[in-house]
Amino acid sequence: MNGAECLVRTLIAGGIEVCFTNPGTSEMHIVAALDRLTEMRCVLGLFEGVVTAAADGYARMLGKPACTLLHLGPGLANGVANLHNARRAQVPIINVVGQHATYHLRHDTPLTSDIEGIARSCSRWVRTSCSATEVGGDAADAIVAARTAPGQIATLIVPADVAWSEAGAGAGTLPVLHRPPVPAGELIERAAAMLRSGLRTGILISGSALYGRGLAAAGRIAAATGAQLLAPYPFPRMERGAGAPKVERINYVLEQAVEQLKEFRQLLLVGAAAPICYFASPGKNSVLTPPECEIHTLARPGEDYVGALEALRQALSLGEVPAHAGKVERPQLPAGPISLSGLAAAVAALLPENAIVVDESMTSGRGMMAVTRDGPPHDWLANTGGSIGIALPLAVGAAVACPERRVLCLSADGSGMYTAQALWSMAREGLHITTVIFANRAYAVLQREFSYLGVGSPGPRARDLFEISRPHIDWVYLAKGMGVPGTRVSSMDTFAKELKNGLQSDGPTLIEVGL
């Protein structure tokens with residue numbers, strides 16, 4: 001058994017079932033091992049930014065890591081933007097990155113780079129395997145590092161001669177994974193006292209507190225105490241729809257967020273940081289909460305969010321508070337010309353039960369969450385790190401993780417162009433993804449930010465940097481060229497028709513909406 005096979009066997013033994021990859025020459029022995037060991041599913045991406053975001057989407061839905069296989073430093077660097085988003089999402093990912101053979105590095109050939117330096121910008125754990133006899137243990141350590149709460153990115157660098165050399169022993173032995181700690185009792189008692197005070201209180205939740213048992217516990221606390229459940233603007237995954245506790249997302253725009261939070265005198269944090277606006281603005285305060293608001297951290301990142309909320313419920317002596325109940329409500333299908341409110345209503349009217357919505361439509365899709373609030377049960381995935389170009393490949397990962405569920409991907413045209421190659425992976429894998437491209441032919445959020453920052457109205461040269469309309473990008477032809485059927489719509493009637501067809505199709509589809 002060589003090092004490459006030992007590596008792959010260890011990953012499989014550790015529950016790693018999918019490898020998203022764009023390999024190169026230095027990874028060929030690992031590719032050969034993946035060819036022999038069919039327990040690992042391999043999904044090819046045409047760009048490393050697709051690979052890393054797909055691994056993110058997979059981890060968000062299943063709570064366990066996939067691995068990526070990337071080619072040397074440049075391959076890893078191509079994937080860093082979406083690894084940044086994944087790091088902010090606090091999800092587990094294992095990056096396997098090839099390296100030149102150890103004796104070849106002294107020649108400083110063209111692809112030689114500081115892989116460890118690149119990896120440290122987005123990884124909590126980084127290691128270079130030194131020998132084939134150690135690579136199995138290194139892989140086992142990478143699995144443990146990635147699965148350490150709340151979820152981390154681990155990068156294992158494997159020199160080519162480590163991969164092809166004789167390993168001797170079998171797969172590495174996996175250490176026991178430890179459960180994250182529940183916060184100290186005094187923190188739970190303090191939170192309980194704050195909730196009993198009668199002051200207007202918000203509970204800002206993230207990570208596993210936004211779905212499953214965590215959200216159920218948070219919902220029971222909110223129902224019994226009158227507290228408001230809040231989510232950061234950049235959240236990884238939220239369970240929504242009729243029957244789910246209602247969680248209000250903090251607004252992106254500073255003034256809107258300040259207005260939204262002005263009534264709160266207490267804020268409990270569960271896996272989230274105190275709310276701060278994305279960017280500083282001249283003469284404006286970056287803090288979103290009022291000065292008189294007391295902020296208390298109930299559970300820090302890495303602690304047991306679900307356990308903290310259940311302990312808080314017990315401290316409040318709530319007993320078995322009934323879960324939130326609700327009836328599915330859908331708006332009427334809109335007709336007439338395309339409008340943002342109409343698009344949101346059409347999505348809410350047609351969203352399938354148990355769908356996964358991947359949303360990177362900051363300008364055109366801003367009303368989507370409000371109108372789908374009481375729709376059928378579904379999950380909503382958002383951009384956590386602010387690096388655009390995540391939606392299409394995130395949808396790939398979510399669809400691979402949950403093949404029985406429909407995925408609706410909402411993307412602007414500008415951000416979609418960062419990782420349009422994901423369409424090819426959707427077609428190749430036959431994934432049930434309906435992609436809606438809002439073609440406003442502009443970086444619309446930058447147009448707003450320019451004026452917002454007090455530098456006046458953009459002149460012709462500045463406007464030219466915000467517009468992507470010369471020439472127009474034809475998403476229908478682009479999708480067709482990568483194997484995805486596409487259509488362009490210009491009315492609410494045709495949008496509703498194509499959205500319904502897409503959500504019932506046997507494979508991926510794309511709808512371009514001209515705005």
# chains A, B, ... in the order shown; residues from 1 in each chain; ligands from 1
$ select_by_dssp --residues "stretch 51-269 of chain A" --states "helix (DSSP H, G or I)" --output "NGL selection string"
:A and (51-62 or 72-89 or 102-107 or 115-120 or 135-146 or 160-164 or 185-196 or 207-210 or 212-225 or 254-261)
$ residues_around --residues "A:Gln314" --least-positions-apart "5" --cutoff "12 Å" --atoms "only C-alpha atoms" --output "count of residues only"
15
$ residues_around --residues "A:Gly283" --least-positions-apart "4" --cutoff "12 Å" --atoms "only C-alpha atoms" --output "ChimeraX atom specification"
/A:452-454
$ residues_around --residues "A:Leu177" --least-positions-apart "3" --cutoff "12 Å" --atoms "only C-alpha atoms" --output "PyMOL selection string"
chain A and resi 14+140-149+174+180
$ residues_around --residues "A:Asn251" --least-positions-apart "5" --cutoff "9 Å" --atoms "only C-alpha atoms" --output "list in words"
Pro232, Tyr233, Gln256, Ala257, Val258 and Gln260 of chain A
$ closest_residue --among "A:Met40, A:Leu187, A:Leu288, A:Ile356" --to "A:Arg240" --atoms "only C-alpha atoms"
A:Ile356
$ residues_around --residues "A:Ala335" --least-positions-apart "6" --cutoff "12 Å" --atoms "only C-alpha atoms" --output "short mmCIF file (atom, residue, chain, number, x, y, z; two decimals) with all heavy atoms, in the first residue's frame"
data_model
loop_
_atom_site.label_atom_id
_atom_site.label_comp_id
_atom_site.auth_asym_id
_atom_site.auth_seq_id
_atom_site.Cartn_x
_atom_site.Cartn_y
_atom_site.Cartn_z
N SER A 341 -40.92 42.54 -6.10
CA SER A 341 -41.95 41.99 -5.21
C SER A 341 -42.65 40.80 -5.86
O SER A 341 -42.99 39.81 -5.20
CB SER A 341 -42.96 43.07 -4.83
OG SER A 341 -43.60 43.59 -5.99
N GLY A 342 -42.87 40.88 -7.17
CA GLY A 342 -43.50 39.78 -7.88
C GLY A 342 -42.62 38.54 -7.91
O GLY A 342 -43.11 37.42 -7.75
N LEU A 343 -41.32 38.73 -8.11
CA LEU A 343 -40.39 37.59 -8.11
C LEU A 343 -40.40 36.90 -6.76
O LEU A 343 -40.42 35.66 -6.68
CB LEU A 343 -38.99 38.08 -8.46
CG LEU A 343 -38.77 38.58 -9.89
CD1 LEU A 343 -37.42 39.27 -10.01
CD2 LEU A 343 -38.87 37.43 -10.89
N ALA A 345 -42.83 36.90 -4.56
CA ALA A 345 -44.12 36.23 -4.40
C ALA A 345 -44.18 34.93 -5.19
O ALA A 345 -44.72 33.91 -4.72
CB ALA A 345 -45.25 37.16 -4.83
N ALA A 346 -43.62 34.92 -6.39
CA ALA A 346 -43.63 33.71 -7.21
C ALA A 346 -42.80 32.60 -6.55
O ALA A 346 -43.20 31.43 -6.53
CB ALA A 346 -43.09 34.01 -8.61
N SER A 490 -39.36 37.56 -19.31
CA SER A 490 -39.57 39.01 -19.29
C SER A 490 -40.92 39.39 -18.69
O SER A 490 -41.34 40.54 -18.77
CB SER A 490 -39.46 39.58 -20.71
OG SER A 490 -40.38 38.93 -21.58
N SER A 491 -41.62 38.42 -18.10
CA SER A 491 -42.89 38.71 -17.44
C SER A 491 -43.04 37.78 -16.25
O SER A 491 -42.39 36.72 -16.18
CB SER A 491 -44.07 38.52 -18.39
OG SER A 491 -44.28 37.15 -18.66
N MET A 492 -43.91 38.16 -15.32
CA MET A 492 -44.13 37.33 -14.14
C MET A 492 -44.80 36.01 -14.53
O MET A 492 -44.52 34.97 -13.92
CB MET A 492 -44.99 38.06 -13.12
CG MET A 492 -44.30 39.25 -12.44
SD MET A 492 -42.64 38.90 -11.79
CE MET A 492 -42.89 37.36 -10.94
N ASP A 493 -45.63 36.03 -15.54
CA ASP A 493 -46.30 34.80 -15.97
C ASP A 493 -45.29 33.77 -16.45
O ASP A 493 -45.35 32.60 -16.07
CB ASP A 493 -47.31 35.11 -17.09
CG ASP A 493 -48.29 36.19 -16.69
OD1 ASP A 493 -47.91 37.38 -16.76
OD2 ASP A 493 -49.43 35.84 -16.32
N THR A 494 -44.36 34.20 -17.30
CA THR A 494 -43.37 33.26 -17.83
C THR A 494 -42.38 32.84 -16.74
O THR A 494 -41.92 31.71 -16.72
CB THR A 494 -42.63 33.85 -19.03
OG1 THR A 494 -42.09 35.14 -18.67
CG2 THR A 494 -43.55 34.00 -20.22
N PHE A 495 -42.06 33.75 -15.83
CA PHE A 495 -41.16 33.36 -14.73
C PHE A 495 -41.79 32.26 -13.89
O PHE A 495 -41.14 31.27 -13.56
CB PHE A 495 -40.84 34.56 -13.86
CG PHE A 495 -40.01 34.20 -12.64
CD1 PHE A 495 -38.67 33.87 -12.77
CD2 PHE A 495 -40.59 34.15 -11.37
CE1 PHE A 495 -37.91 33.51 -11.66
CE2 PHE A 495 -39.84 33.79 -10.25
CZ PHE A 495 -38.49 33.47 -10.41
N ALA A 496 -43.06 32.43 -13.54
CA ALA A 496 -43.74 31.42 -12.73
C ALA A 496 -43.79 30.07 -13.46
O ALA A 496 -43.56 29.02 -12.86
CB ALA A 496 -45.15 31.88 -12.37
N LYS A 497 -44.06 30.12 -14.73
CA LYS A 497 -44.13 28.88 -15.52
C LYS A 497 -42.77 28.18 -15.54
O LYS A 497 -42.68 26.96 -15.30
CB LYS A 497 -44.58 29.21 -16.95
CG LYS A 497 -44.57 28.01 -17.89
CD LYS A 497 -44.89 28.43 -19.31
CE LYS A 497 -44.74 27.25 -20.27
NZ LYS A 497 -44.99 27.66 -21.68
#
$ residues_around --residues "A:Ala348" --least-positions-apart "5" --cutoff "7 Å" --atoms "only C-alpha atoms" --output "compact mmCIF listing (two decimals) with all heavy atoms, in the first residue's frame"
# COMPACT_ATOMS: atom_id res chain seq x y z
N ARG A 330 -49.24 30.62 1.31
CA ARG A 330 -48.60 30.96 0.04
C ARG A 330 -49.32 32.14 -0.59
O ARG A 330 -50.56 32.16 -0.61
CB ARG A 330 -48.62 29.78 -0.93
CG ARG A 330 -47.81 28.57 -0.50
CD ARG A 330 -47.87 27.50 -1.57
NE ARG A 330 -47.21 26.26 -1.23
CZ ARG A 330 -45.94 25.99 -1.50
NH1 ARG A 330 -45.20 26.91 -2.12
NH2 ARG A 330 -45.41 24.83 -1.18
N PRO A 331 -48.60 33.09 -1.14
CA PRO A 331 -49.25 34.19 -1.86
C PRO A 331 -49.78 33.71 -3.21
O PRO A 331 -49.43 32.64 -3.70
CB PRO A 331 -48.13 35.22 -2.04
CG PRO A 331 -46.88 34.40 -2.05
CD PRO A 331 -47.13 33.24 -1.11
N VAL A 371 -41.21 37.12 2.45
CA VAL A 371 -42.43 36.58 1.85
C VAL A 371 -42.47 35.05 1.93
O VAL A 371 -43.55 34.45 1.83
CB VAL A 371 -42.57 37.08 0.40
CG1 VAL A 371 -41.64 36.34 -0.55
CG2 VAL A 371 -44.02 36.98 -0.08
N THR A 372 -41.32 34.39 2.14
CA THR A 372 -41.31 32.93 2.26
C THR A 372 -41.36 32.47 3.72
O THR A 372 -41.30 31.27 3.99
CB THR A 372 -40.04 32.35 1.61
OG1 THR A 372 -38.88 33.00 2.18
CG2 THR A 372 -40.04 32.56 0.12
N GLY A 375 -43.96 29.88 4.42
CA GLY A 375 -44.10 28.86 3.38
C GLY A 375 -43.86 27.47 3.91
O GLY A 375 -43.78 27.24 5.12
$ closest_residue --among "A:Gly198, A:Gly49, A:Pro183, A:Gly414" --to "A:Thr297" --atoms "only C-alpha atoms"
A:Pro183
$ select_by_dssp --residues "stretch 374-434 of chain A" --states "strand (DSSP E)" --output "PyMOL selection string"
chain A and resi 378-382+407-412+433-434
$ closest_residue --among "A:Glu429, A:Glu449, A:Asp413, A:Glu239" --to "A:Val400" --atoms "only C-alpha atoms"
A:Glu429
$ closest_residue --among "A:Gln99, A:Gln228, A:Ser339, A:Ser131" --to "A:Ser364" --atoms "only C-alpha atoms"
A:Ser339
$ closest_residue --among "A:Glu310, A:Glu512, A:Glu134, A:Glu294" --to "A:Arg213" --atoms "only C-alpha atoms"
A:Glu310
$ closest_residue --among "A:Val287, A:Leu408, A:Gly170, A:Glu353" --to "A:Leu499" --atoms "only C-alpha atoms"
A:Leu408
$ atom_distance --atom1 "atom CA of A:Gly386" --atom2 "atom CA of A:His84"
8.8 Å
$ closest_atom_pairs --of "stretch 366-427 of chain A" --to "stretch 86-93 of chain A" --cutoff "9 Å" --atoms "only C-alpha atoms" --output "Markdown table"
| residue | atom | partner | partner_atom | distance |
| --- | --- | --- | --- | --- |
| A:Asn383 | CA | A:Ala89 | CA | 8.3 |
| A:Thr384 | CA | A:Ala89 | CA | 5.5 |
| A:Gly385 | CA | A:Arg88 | CA | 5.4 |
$ write_last_selection --atoms "C-alpha atoms" --output "compact mmCIF listing (two decimals), in the first residue's frame"
# COMPACT_ATOMS: atom_id res chain seq x y z
CA ASN A 383 -23.04 34.00 2.13
CA THR A 384 -21.16 34.05 5.43
CA GLY A 385 -17.88 35.73 4.54
